[in-house]
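S.K.: Next comes start.cif, mmCIF, C-alpha atoms and all ligand atoms:
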data_model
loop_
_atom_site.label_atom_id
_atom_site.label_comp_id
_atom_site.auth_asym_id
_atom_site.auth_seq_id
_atom_site.Cartn_x
_atom_site.Cartn_y
_atom_site.Cartn_z
CA MET M 1057 0.00 0.00 0.00
CA LEU M 1058 2.76 2.39 1.07
CA LYS M 1059 4.74 1.38 -1.98
CA ASN M 1060 1.74 2.08 -4.22
CA LEU M 1061 1.22 5.43 -2.56
CA ILE M 1062 4.83 6.37 -3.12
CA THR M 1063 4.58 5.27 -6.74
CA ILE M 1064 1.41 7.30 -7.23
CA ASN M 1065 2.95 10.34 -5.56
CA PHE M 1066 6.02 10.04 -7.72
CA PHE M 1067 3.81 9.75 -10.78
CA ILE M 1068 1.85 12.88 -9.81
CA PHE M 1069 5.13 14.68 -9.26
CA LEU M 1070 6.21 13.77 -12.77
CA ILE M 1071 2.91 14.81 -14.32
CA ALA M 1072 3.31 18.18 -12.61
CA LEU M 1073 6.54 18.53 -14.51
CA SER M 1074 4.81 17.72 -17.78
CA SER M 1075 6.87 20.25 -19.71
CA SER M 1076 10.11 18.53 -18.80
CA SER M 1077 11.59 15.90 -21.05
CA LEU M 1078 11.63 13.46 -18.16
CA ALA M 1079 7.86 13.57 -17.93
CA ASN M 1080 7.56 13.41 -21.71
CA ASN M 1081 9.71 10.30 -21.75
CA LEU M 1082 7.58 8.75 -19.05
CA GLU M 1083 4.41 9.50 -20.98
CA PHE M 1084 6.01 8.14 -24.14
CA ASN M 1085 7.01 4.92 -22.37
CA LEU M 1086 3.49 4.55 -21.02
CA TRP M 1087 2.21 5.02 -24.55
CA ILE M 1088 4.59 2.30 -25.78
CA ASP M 1089 3.30 -0.14 -23.16
CA GLY M 1090 -0.27 0.54 -24.28
CA PHE M 1091 0.66 0.23 -27.93
CA LYS M 1092 2.42 -3.09 -27.36
CA LYS M 1093 -0.70 -4.51 -25.73
CA LYS M 1094 -2.78 -3.29 -28.64
CA ALA M 1095 -0.34 -4.82 -31.16
CA ILE M 1096 -0.32 -8.21 -29.40
CA SER M 1097 -4.11 -8.27 -29.12
CA SER M 1098 -4.35 -7.54 -32.85
CA GLY M 1099 -2.56 -10.83 -33.50
CA ILE M 1100 1.09 -9.86 -33.88
CA SER M 1101 3.41 -12.26 -32.04
CA LYS M 1102 4.67 -11.07 -28.67
CA ASN M 1103 8.29 -11.85 -29.58
CA VAL M 1104 8.19 -9.55 -32.59
CA VAL M 1105 6.41 -6.77 -30.70
CA ASP M 1106 8.92 -6.93 -27.81
CA ASP M 1107 11.88 -7.15 -30.16
CA VAL M 1108 10.89 -4.34 -32.53
CA MET M 1109 9.67 -1.97 -29.82
CA SER M 1110 12.65 -2.55 -27.49
CA ASP M 1111 14.87 0.12 -29.08
CA VAL M 1112 12.17 2.69 -29.81
CA VAL M 1113 12.92 6.24 -28.74
CA PHE M 1114 11.00 9.51 -28.92
CA LEU M 1115 12.46 11.68 -31.70
CA PRO M 1116 11.79 15.41 -31.08
CA LYS M 1117 13.11 16.36 -34.53
CA VAL M 1118 10.37 14.27 -36.17
CA ILE M 1119 7.80 16.55 -34.53
CA LYS M 1120 9.77 19.56 -35.78
CA TYR M 1121 9.72 18.21 -39.36
CA ASP M 1122 6.02 17.42 -39.07
CA ARG M 1123 5.25 21.05 -38.30
CA TYR M 1124 7.31 22.37 -41.21
CA GLN M 1125 6.67 21.35 -44.83
CA PRO M 1126 8.44 23.60 -47.32
CA GLU M 1127 6.40 22.71 -50.40
CA PHE M 1128 3.49 24.69 -48.96
CA TYR M 1129 5.50 27.89 -49.26
CA GLU M 1130 7.53 27.37 -52.42
CA ASP M 1131 5.95 28.67 -55.63
CA THR M 1132 5.16 26.10 -58.30
CA PHE M 1133 7.73 27.33 -60.79
CA THR M 1134 10.61 27.04 -58.28
CA TYR M 1135 9.36 23.72 -56.98
CA ILE M 1136 9.20 22.12 -60.42
CA LYS M 1137 12.45 23.63 -61.66
CA LYS M 1138 14.43 22.31 -58.69
CA ARG M 1139 13.14 18.80 -59.15
CA THR M 1140 13.23 18.34 -62.92
CA ASN M 1141 16.53 19.90 -64.02
CA ALA M 1142 18.99 18.54 -66.58
CA LYS M 1143 21.24 17.10 -63.86
CA LYS M 1144 18.35 14.98 -62.60
CA VAL M 1145 17.54 13.77 -66.12
CA LYS M 1146 21.17 12.83 -66.67
CA LYS M 1147 21.31 10.88 -63.42
CA GLY M 1148 18.09 9.03 -64.27
CA LEU M 1149 19.38 8.15 -67.72
CA ALA M 1150 22.56 6.71 -66.21
CA LEU M 1151 20.47 4.50 -63.91
CA TYR M 1152 18.27 3.43 -66.81
CA LYS M 1153 21.29 2.50 -68.92
CA LYS M 1154 22.62 0.33 -66.10
CA GLU M 1155 19.28 -1.39 -65.30
CA LYS M 1156 17.67 -1.32 -68.76
CA LEU M 1157 16.85 -5.03 -68.91
CA ILE M 1158 14.95 -5.10 -65.63
CA ILE M 1159 13.21 -1.75 -66.10
CA ASP M 1160 12.04 -2.56 -69.63
CA LYS M 1161 10.70 -5.90 -68.46
CA ILE M 1162 8.77 -4.26 -65.61
CA GLU M 1163 7.35 -1.62 -67.98
CA GLY M 1164 6.00 -4.37 -70.21
CA ARG M 1165 4.64 -6.48 -67.38
CA PHE M 1166 2.75 -3.70 -65.53
CA LEU M 1167 2.04 -1.32 -68.46
CA ILE M 1168 3.63 1.65 -66.73
CA GLU M 1169 6.03 3.89 -68.64
CA LYS M 1170 9.66 3.53 -67.53
CA GLU M 1171 9.89 7.34 -67.73
CA LEU M 1172 7.23 7.64 -65.03
CA LEU M 1173 8.99 5.13 -62.78
CA LEU M 1174 12.29 6.96 -63.21
CA ALA M 1175 10.58 10.31 -62.53
CA LEU M 1176 9.01 9.08 -59.30
CA MET M 1177 12.25 7.57 -58.06
CA GLY M 1178 14.13 10.74 -59.05
CA ILE M 1179 11.78 13.00 -57.15
CA GLU M 1180 11.22 10.79 -54.13
CA THR M 1181 14.86 9.92 -53.38
CA ASN M 1182 17.09 11.35 -56.15
CA PHE M 1183 17.46 7.82 -57.53
CA GLY M 1184 18.10 6.15 -54.22
CA LYS M 1185 20.56 8.75 -52.94
CA TYR M 1186 18.28 10.15 -50.21
CA LEU M 1187 16.56 7.15 -48.70
CA GLY M 1188 16.52 8.74 -45.26
CA LYS M 1189 18.44 7.60 -42.21
CA MET M 1190 15.69 7.88 -39.63
CA ASP M 1191 14.78 4.81 -37.59
CA ILE M 1192 11.30 4.32 -39.04
CA VAL M 1193 9.83 2.46 -36.07
CA SER M 1194 10.82 5.35 -33.77
CA SER M 1195 9.52 7.92 -36.29
CA LEU M 1196 6.15 6.21 -36.52
CA ALA M 1197 5.99 5.73 -32.76
CA THR M 1198 6.80 9.42 -32.19
CA LEU M 1199 4.07 10.52 -34.62
CA SER M 1200 1.61 8.04 -33.11
CA PHE M 1201 2.31 9.37 -29.63
CA ASP M 1202 1.90 12.95 -30.92
CA LYS M 1203 -1.72 14.13 -30.95
CA ARG M 1204 -1.91 15.69 -34.43
CA ARG M 1205 -2.27 12.55 -36.59
CA SER M 1206 -2.08 9.86 -33.95
CA GLU M 1207 -4.67 7.51 -35.43
CA PHE M 1208 -3.12 7.49 -38.90
CA PHE M 1209 0.43 6.79 -37.70
CA THR M 1210 -0.64 4.21 -35.10
CA SER M 1211 -2.32 2.25 -37.83
CA GLU M 1212 0.80 2.56 -40.05
CA LEU M 1213 2.98 1.28 -37.20
CA LEU M 1214 0.68 -1.68 -36.60
CA ILE M 1215 0.81 -2.55 -40.30
CA LEU M 1216 4.61 -2.36 -40.23
CA LEU M 1217 4.79 -4.73 -37.26
CA LYS M 1218 2.49 -7.16 -39.06
CA LEU M 1219 4.76 -7.09 -42.13
CA ILE M 1220 7.77 -7.85 -39.92
CA ASP M 1221 5.84 -10.58 -38.09
CA LYS M 1222 5.00 -12.26 -41.38
CA GLY M 1223 8.63 -12.10 -42.48
CA ILE M 1224 7.80 -9.89 -45.49
CA ILE M 1225 10.03 -7.03 -44.37
CA LYS M 1226 13.24 -7.32 -42.38
CA LYS M 1227 13.42 -5.21 -39.23
CA ASP M 1228 17.11 -4.30 -39.47
CA ILE M 1229 16.77 -2.40 -42.78
CA LEU M 1230 14.01 -0.06 -41.59
CA PHE M 1231 15.67 3.31 -42.03
CA GLY M 1232 13.87 5.98 -44.04
CA SER M 1233 12.15 9.34 -43.92
CA TRP M 1234 11.07 11.18 -40.79
CA ALA M 1235 7.44 10.35 -41.64
CA GLY M 1236 8.07 6.62 -41.90
CA ALA M 1237 8.38 6.29 -45.68
CA PHE M 1238 10.76 3.64 -46.93
CA GLY M 1239 12.86 2.66 -49.92
CA ASN M 1240 13.57 3.98 -53.43
CA PHE M 1241 9.96 5.10 -53.87
CA GLN M 1242 9.25 6.07 -50.25
CA PHE M 1243 6.41 3.68 -49.51
CA MET M 1244 4.47 3.99 -46.27
CA PRO M 1245 3.73 0.67 -44.49
CA ARG M 1246 0.16 0.61 -45.83
CA THR M 1247 1.45 1.01 -49.40
CA ILE M 1248 3.95 -1.79 -48.80
CA ARG M 1249 1.17 -4.06 -47.53
CA ASN M 1250 -1.21 -3.23 -50.39
CA TYR M 1251 1.09 -2.98 -53.38
CA ALA M 1252 4.69 -4.08 -52.76
CA ILE M 1253 5.83 -7.32 -54.38
CA ASP M 1254 8.70 -9.73 -54.16
CA TYR M 1255 9.39 -9.53 -57.88
CA ASN M 1256 12.57 -11.63 -57.88
CA ASN M 1257 11.03 -14.33 -55.65
CA ASN M 1258 13.70 -14.44 -52.98
CA GLN M 1259 11.07 -14.47 -50.19
CA THR M 1260 11.65 -10.91 -49.04
CA ILE M 1261 10.54 -7.53 -50.34
CA GLU M 1262 13.57 -5.30 -50.84
CA LEU M 1263 12.40 -1.78 -51.58
CA LYS M 1264 15.91 -0.37 -51.59
CA LYS M 1265 16.82 -2.62 -54.54
CA ILE M 1266 15.93 -2.02 -58.19
CA GLU M 1267 13.94 -5.16 -59.01
CA ASP M 1268 11.47 -5.20 -56.11
CA SER M 1269 11.17 -1.42 -55.82
CA PHE M 1270 10.48 -0.77 -59.53
CA ALA M 1271 8.04 -3.67 -59.76
CA SER M 1272 6.27 -2.54 -56.59
CA ALA M 1273 5.95 1.06 -57.82
CA ALA M 1274 4.71 -0.15 -61.22
CA ASN M 1275 2.23 -2.51 -59.56
CA TYR M 1276 0.96 0.34 -57.37
CA LEU M 1277 0.45 2.69 -60.33
CA ASN M 1278 -1.22 -0.05 -62.33
CA LYS M 1279 -3.61 -0.93 -59.49
CA ILE M 1280 -4.66 2.67 -58.85
CA GLY M 1281 -5.47 3.07 -62.53
CA TRP M 1282 -2.64 4.95 -64.26
CA LYS M 1283 -3.28 4.72 -68.00
CA LYS M 1284 -0.18 4.21 -70.12
CA ASN M 1285 0.35 6.65 -73.00
CA THR M 1286 -2.39 9.06 -71.95
CA PRO M 1287 -1.56 12.61 -70.84
CA CYS M 1288 -1.12 13.89 -67.30
CA TYR M 1289 -1.35 17.68 -67.63
CA THR M 1290 -1.09 20.58 -70.09
CA LYS M 1291 0.25 24.02 -69.17
CA ILE M 1292 -2.25 26.69 -70.20
CA GLU M 1293 -2.84 30.41 -70.03
CA LEU M 1294 -6.27 31.35 -68.78
CA ASN M 1295 -8.44 34.24 -69.82
CA ASN M 1296 -9.55 36.34 -66.88
CA ASP M 1297 -13.20 35.56 -67.50
CA ILE M 1298 -13.04 31.96 -66.24
CA PRO M 1299 -15.43 31.62 -63.26
CA LYS M 1300 -13.43 31.17 -60.05
CA ARG M 1301 -15.27 27.96 -59.16
CA TYR M 1302 -13.31 26.15 -61.89
CA LEU M 1303 -9.95 26.99 -60.32
CA ASN M 1304 -8.74 24.08 -58.17
CA SER M 1305 -6.09 25.00 -55.63
CA SER M 1306 -6.43 22.13 -53.18
CA ALA M 1307 -4.90 18.69 -53.72
CA ARG M 1308 -7.48 17.08 -51.46
CA LYS M 1309 -10.10 16.86 -54.17
CA ILE M 1310 -10.11 17.95 -57.80
CA GLU M 1311 -13.52 19.41 -58.56
CA ASN M 1312 -15.58 20.84 -61.40
CA LYS M 1313 -14.33 18.46 -64.06
CA LYS M 1314 -15.45 19.06 -67.64
CA LYS M 1315 -14.40 17.93 -71.08
CA VAL M 1316 -11.43 19.76 -72.61
CA LYS M 1317 -13.73 21.38 -75.20
CA PHE M 1318 -15.73 23.06 -72.42
CA PHE M 1319 -12.65 24.81 -71.01
CA LYS M 1320 -11.32 25.92 -74.40
CA LYS M 1321 -13.25 29.20 -74.34
CA TYR M 1322 -11.33 30.20 -71.21
CA ILE M 1323 -7.88 29.29 -72.55
CA LYS M 1324 -5.68 31.61 -74.60
CA ASN M 1325 -4.66 30.19 -78.01
CA SER M 1326 -6.80 27.13 -77.36
CA GLU M 1327 -6.76 26.23 -81.06
CA LYS M 1328 -3.14 25.18 -80.54
CA LEU M 1329 -4.01 22.69 -77.80
CA ASN M 1330 -3.10 19.22 -78.98
CA ILE M 1331 -5.47 17.33 -76.66
CA ASP M 1332 -8.53 15.16 -77.26
CA ASP M 1333 -11.56 17.47 -76.93
CA ASN M 1334 -13.55 14.81 -75.08
CA LEU M 1335 -10.97 14.04 -72.42
CA LEU M 1336 -12.23 14.73 -68.90
CA SER M 1337 -10.19 17.55 -67.38
CA ALA M 1338 -10.00 20.13 -64.61
CA VAL M 1339 -8.17 23.42 -64.16
CA ILE M 1340 -5.62 23.79 -61.37
CA THR M 1341 -3.98 27.01 -60.17
CA PRO M 1342 -1.56 25.71 -57.51
CA ASP M 1343 -0.16 29.06 -56.32
CA LYS M 1344 -3.56 30.61 -55.63
CA ASP M 1345 -4.34 30.58 -51.87
CA ILE M 1346 -0.80 29.55 -50.94
CA ILE M 1347 1.67 32.11 -52.25
CA PRO M 1348 0.98 35.59 -50.86
CA GLY M 1349 0.09 37.96 -53.69
CA ALA M 1350 -0.06 35.17 -56.29
CA ASN M 1351 -1.90 35.95 -59.51
CA THR M 1352 -5.10 33.92 -59.43
CA TYR M 1353 -4.75 32.77 -63.04
CA THR M 1354 -1.03 32.00 -63.30
CA PRO M 1355 0.38 29.43 -63.40
CA ALA M 1356 -2.51 27.29 -64.60
CA TYR M 1357 -2.75 23.73 -65.91
CA LEU M 1358 -5.35 21.46 -67.40
CA VAL M 1359 -5.09 18.13 -65.59
CA TYR M 1360 -6.48 14.70 -66.49
CA SER M 1361 -7.22 11.44 -64.71
CA ASN M 1362 -3.55 10.33 -64.71
CA TYR M 1363 -2.66 13.46 -62.78
CA GLU M 1364 -5.09 12.43 -60.05
CA LYS M 1365 -3.36 9.05 -59.79
CA ILE M 1366 -0.13 10.83 -58.86
CA LEU M 1367 -2.09 12.84 -56.26
CA ASN M 1368 -3.19 9.50 -54.92
CA TRP M 1369 0.51 8.69 -54.48
CA ASN M 1370 1.20 12.03 -52.75
CA ARG M 1371 -1.44 14.73 -52.12
CA SER M 1372 0.45 17.76 -53.44
CA LEU M 1373 -0.49 19.62 -56.62
CA ARG M 1374 3.15 20.57 -57.21
CA PHE M 1375 4.49 17.10 -56.57
CA ALA M 1376 2.23 15.62 -59.26
CA LEU M 1377 3.19 18.35 -61.75
CA ALA M 1378 6.90 17.83 -61.09
CA VAL M 1379 6.60 14.05 -61.54
CA CYS M 1380 4.79 14.43 -64.87
CA LYS M 1381 7.21 17.13 -66.04
CA LEU M 1382 10.23 14.98 -65.23
CA LYS M 1383 8.56 12.06 -66.96
CA ASN M 1384 8.18 14.22 -70.09
CA ASN M 1385 11.82 15.29 -69.87
CA PHE M 1386 12.86 11.63 -69.88
CA LYS M 1387 10.53 10.94 -72.79
CA ASN M 1388 12.62 13.17 -75.02
CA GLU M 1389 15.81 11.36 -74.04
CA ILE M 1390 14.95 7.65 -74.01
CA CA Z 1401 12.73 -9.86 -53.36
#
Output the structure of this file as structure tokens.
Ligand SMILES: [Ca+2]

M.R.:
Amino acid sequence: MLKNLITINFFIFLIALSSSSLANNLEFNLWIDGFKKKAISSGISKNVVDDVMSDVVFLPKVIKYDRYQPEFYEDTFTYIKKRTNAKKVKKGLALYKKEKLIIDKIEGRFLIEKELLLALMGIETNFGKYLGKMDIVSSLATLSFDKRRSEFFTSELLILLKLIDKGIIKKDILFGSWAGAFGNFQFMPRTIRNYAIDYNNNQTIELKKIEDSFASAANYLNKIGWKKNTPCYTKIELNNDIPKRYLNSSARKIENKKKVKFFKKYIKNSEKLNIDDNLLSAVITPDKDIIPGANTYTPAYLVYSNYEKILNWNRSLRFALAVCKLKNNFKNEI
């Protein structure tokens, strides 16, 4: 009884110091205990849960990164230019030359352009150069413990433990981005579970290696409905008389879709547009609402269903534009 009382008093003392890192660590450790119970009751073996969670630490810098995301402040032109330059194209071509046999085979098998796969790998990790060095289990645990998106990251961490438990992913290679993304194409655990494949049949999925990572990315794009050899976006100049409701500036949902021929009256020099009139499209103006003082109508793009598939991969209007632009840059070189 006395022992319990002392423990409780000590606990209250620590809670009173909730701003101190000591108290934070205590709270984090309590959270880990709760999470472990949850993981075991969801069917993951106790050995794996104990083993994987034994080295987990709270990473304050992950919270710092979570609160700061530069692409929200960068204008579209700068964002795209940085990510699709000639140096990047050259680096991608060198990788393609080296891995041509495998990449061509994967393109044929999954019906996804090699240029798109190269573009995604180039933008996600600069062709495997920036895979991230963060301990993913600790990153996901930190973000699960944090209140902002706790539910989402807790479920990602549970999925990751299940993948380890089933022997699909090896625990000792789990280093990646601060947000828990992994490998050449920065897959989150849920993406690994749903779309990653062991393409070379060696009983483990290796997303830092060319074969499995390219096949997994191609399988993902195929399953979410990317259509080979159909366009992604067209850069346009808008007339000022386009009703504002047609201007999409949020990546969450692309709205007010119409056929290309409907939008033509609002586009300068529309007779020069080399796009099927009946293709379903939408207008996006990514700088509007985000860049202070941005012109509402510039830059503007017509986007099609393929563009939305890239948003599915990563909900950022600029990200999807950069991927499709880099893809086009490769197209002229391969
Ligand atoms: Ca494999």

S.K.: One decimal, Å: what's the distance from atom CA of M:Ser1272 over to atom CA of M:Tyr1251, could you say?

M.R.: 6.1 Å

S.K.: Contacts of M:Asn1312 at 10 Å or less, counting only C-alpha atoms, minus same-chain residues fewer than 2 places along, as a compact mmCIF listing (two decimals) with C-alpha atoms, in the coordinates of the input?

M.R.:
# COMPACT_ATOMS: atom_id res chain seq x y z
CA ARG M 1301 -15.27 27.96 -59.16
CA TYR M 1302 -13.31 26.15 -61.89
CA LEU M 1303 -9.95 26.99 -60.32
CA ASN M 1304 -8.74 24.08 -58.17
CA LYS M 1309 -10.10 16.86 -54.17
CA ILE M 1310 -10.11 17.95 -57.80
CA LYS M 1314 -15.45 19.06 -67.64
CA SER M 1337 -10.19 17.55 -67.38
CA ALA M 1338 -10.00 20.13 -64.61
CA VAL M 1339 -8.17 23.42 -64.16

S.K.: Please find the residues contacting ligand CA 1401 (chain Z) at a distance of at most 7 Å between atoms, with all atoms listed in the file counted, and report them as a PDB file with C-alpha atoms, in the coordinates of the input.

M.R.:
ATOM      1  CA  ASP M1254       8.700  -9.730 -54.160  1.00  0.00           C
ATOM      2  CA  TYR M1255       9.390  -9.530 -57.880  1.00  0.00           C
ATOM      3  CA  ASN M1256      12.570 -11.630 -57.880  1.00  0.00           C
ATOM      4  CA  ASN M1257      11.030 -14.330 -55.650  1.00  0.00           C
ATOM      5  CA  ASN M1258      13.700 -14.440 -52.980  1.00  0.00           C
ATOM      6  CA  GLN M1259      11.070 -14.470 -50.190  1.00  0.00           C
ATOM      7  CA  THR M1260      11.650 -10.910 -49.040  1.00  0.00           C
ATOM      8  CA  ILE M1261      10.540  -7.530 -50.340  1.00  0.00           C
ATOM      9  CA  GLU M1262      13.570  -5.300 -50.840  1.00  0.00           C
ATOM     10  CA  ASP M1268      11.470  -5.200 -56.110  1.00  0.00           C
TER      11      ASP M1268
END

S.K.: What's around stretch 1138-1140 of chain M at 9 Å? Count only C-alpha atoms, leave out sequence neighbours fewer than 4 positions away in its own chain, and write the answer as an mmCIF file with C-alpha atoms, in the coordinates of the input.

M.R.:
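The resulting result_34.cif:
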data_model
loop_
_atom_site.group_PDB
_atom_site.id
_atom_site.type_symbol
_atom_site.label_atom_id
_atom_site.label_comp_id
_atom_site.auth_asym_id
_atom_site.auth_seq_id
_atom_site.Cartn_x
_atom_site.Cartn_y
_atom_site.Cartn_z
ATOM 1 C CA PHE M 1133 7.730 27.330 -60.790
ATOM 2 C CA THR M 1134 10.610 27.040 -58.280
ATOM 3 C CA LYS M 1144 18.350 14.980 -62.600
ATOM 4 C CA VAL M 1145 17.540 13.770 -66.120
ATOM 5 C CA ALA M 1175 10.580 10.310 -62.530
ATOM 6 C CA GLY M 1178 14.130 10.740 -59.050
ATOM 7 C CA ILE M 1179 11.780 13.000 -57.150
ATOM 8 C CA ASN M 1182 17.090 11.350 -56.150
ATOM 9 C CA ALA M 1378 6.900 17.830 -61.090
ATOM 10 C CA VAL M 1379 6.600 14.050 -61.540
ATOM 11 C CA LYS M 1381 7.210 17.130 -66.040
ATOM 12 C CA LEU M 1382 10.230 14.980 -65.230
ATOM 13 C CA LYS M 1383 8.560 12.060 -66.960
ATOM 14 C CA ASN M 1385 11.820 15.290 -69.870
#

S.K.: What gap, in Å, lies between atom CA of M:Thr1286 and atom CA of M:Asn1362?

M.R.: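 Atom-to-atom, atom CA of M:Thr1286 and atom CA of M:Asn1362 are spaced 7.4 Å apart.
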
S.K.: What does the distance between atom CA of M:Leu1199 and atom CA of M:Ala1271 come to in Å, to one decimal place?

M.R.: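 Between these atoms lies a distance of 29.1 Å.
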
S.K.: Any chance you could model N, CA, C and O atoms for stretch 1292-1306 of chain M and send them as a tab-separated table (two decimals), keeping the file's coordinate frame?

M.R.:
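Saved result, part_22.tsv, follows:
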chain	number	residue	atom	x	y	z
M	1292	ILE	N	-1.36	25.78	-69.43
M	1292	ILE	CA	-2.25	26.69	-70.20
M	1292	ILE	C	-2.15	28.12	-69.69
M	1292	ILE	O	-1.63	28.36	-68.59
M	1293	GLU	N	-2.66	29.03	-70.50
M	1293	GLU	CA	-2.84	30.41	-70.03
M	1293	GLU	C	-4.32	30.70	-70.05
M	1293	GLU	O	-4.98	30.54	-71.07
M	1294	LEU	N	-4.82	31.13	-68.90
M	1294	LEU	CA	-6.27	31.35	-68.78
M	1294	LEU	C	-6.65	32.78	-69.14
M	1294	LEU	O	-5.89	33.72	-68.89
M	1295	ASN	N	-7.84	32.91	-69.70
M	1295	ASN	CA	-8.44	34.24	-69.82
M	1295	ASN	C	-8.99	34.62	-68.46
M	1295	ASN	O	-9.34	33.76	-67.66
M	1296	ASN	N	-9.09	35.91	-68.20
M	1296	ASN	CA	-9.55	36.34	-66.88
M	1296	ASN	C	-11.03	36.12	-66.64
M	1296	ASN	O	-11.52	36.31	-65.54
M	1297	ASP	N	-11.75	35.70	-67.68
M	1297	ASP	CA	-13.20	35.56	-67.50
M	1297	ASP	C	-13.62	34.15	-67.03
M	1297	ASP	O	-14.80	33.85	-66.94
M	1298	ILE	N	-12.65	33.29	-66.73
M	1298	ILE	CA	-13.04	31.96	-66.24
M	1298	ILE	C	-13.65	32.11	-64.83
M	1298	ILE	O	-13.06	32.75	-63.96
M	1299	PRO	N	-14.84	31.54	-64.60
M	1299	PRO	CA	-15.43	31.62	-63.26
M	1299	PRO	C	-14.52	30.97	-62.21
M	1299	PRO	O	-13.96	29.90	-62.46
M	1300	LYS	N	-14.38	31.62	-61.09
M	1300	LYS	CA	-13.43	31.17	-60.05
M	1300	LYS	C	-13.70	29.74	-59.56
M	1300	LYS	O	-12.81	29.06	-59.10
M	1301	ARG	N	-14.96	29.31	-59.68
M	1301	ARG	CA	-15.27	27.96	-59.16
M	1301	ARG	C	-14.53	26.86	-59.92
M	1301	ARG	O	-14.39	25.74	-59.42
M	1302	TYR	N	-14.04	27.17	-61.12
M	1302	TYR	CA	-13.31	26.15	-61.89
M	1302	TYR	C	-11.83	26.07	-61.51
M	1302	TYR	O	-11.12	25.20	-61.99
M	1303	LEU	N	-11.37	26.99	-60.66
M	1303	LEU	CA	-9.95	26.99	-60.32
M	1303	LEU	C	-9.70	26.12	-59.09
M	1303	LEU	O	-10.07	26.48	-57.98
M	1304	ASN	N	-9.08	24.96	-59.28
M	1304	ASN	CA	-8.74	24.08	-58.17
M	1304	ASN	C	-7.41	24.50	-57.57
M	1304	ASN	O	-6.42	24.62	-58.29
M	1305	SER	N	-7.38	24.70	-56.26
M	1305	SER	CA	-6.09	25.00	-55.63
M	1305	SER	C	-5.83	24.11	-54.43
M	1305	SER	O	-4.88	24.32	-53.69
M	1306	SER	N	-6.67	23.09	-54.26
M	1306	SER	CA	-6.43	22.13	-53.18
M	1306	SER	C	-6.22	20.74	-53.76
M	1306	SER	O	-6.94	20.31	-54.65
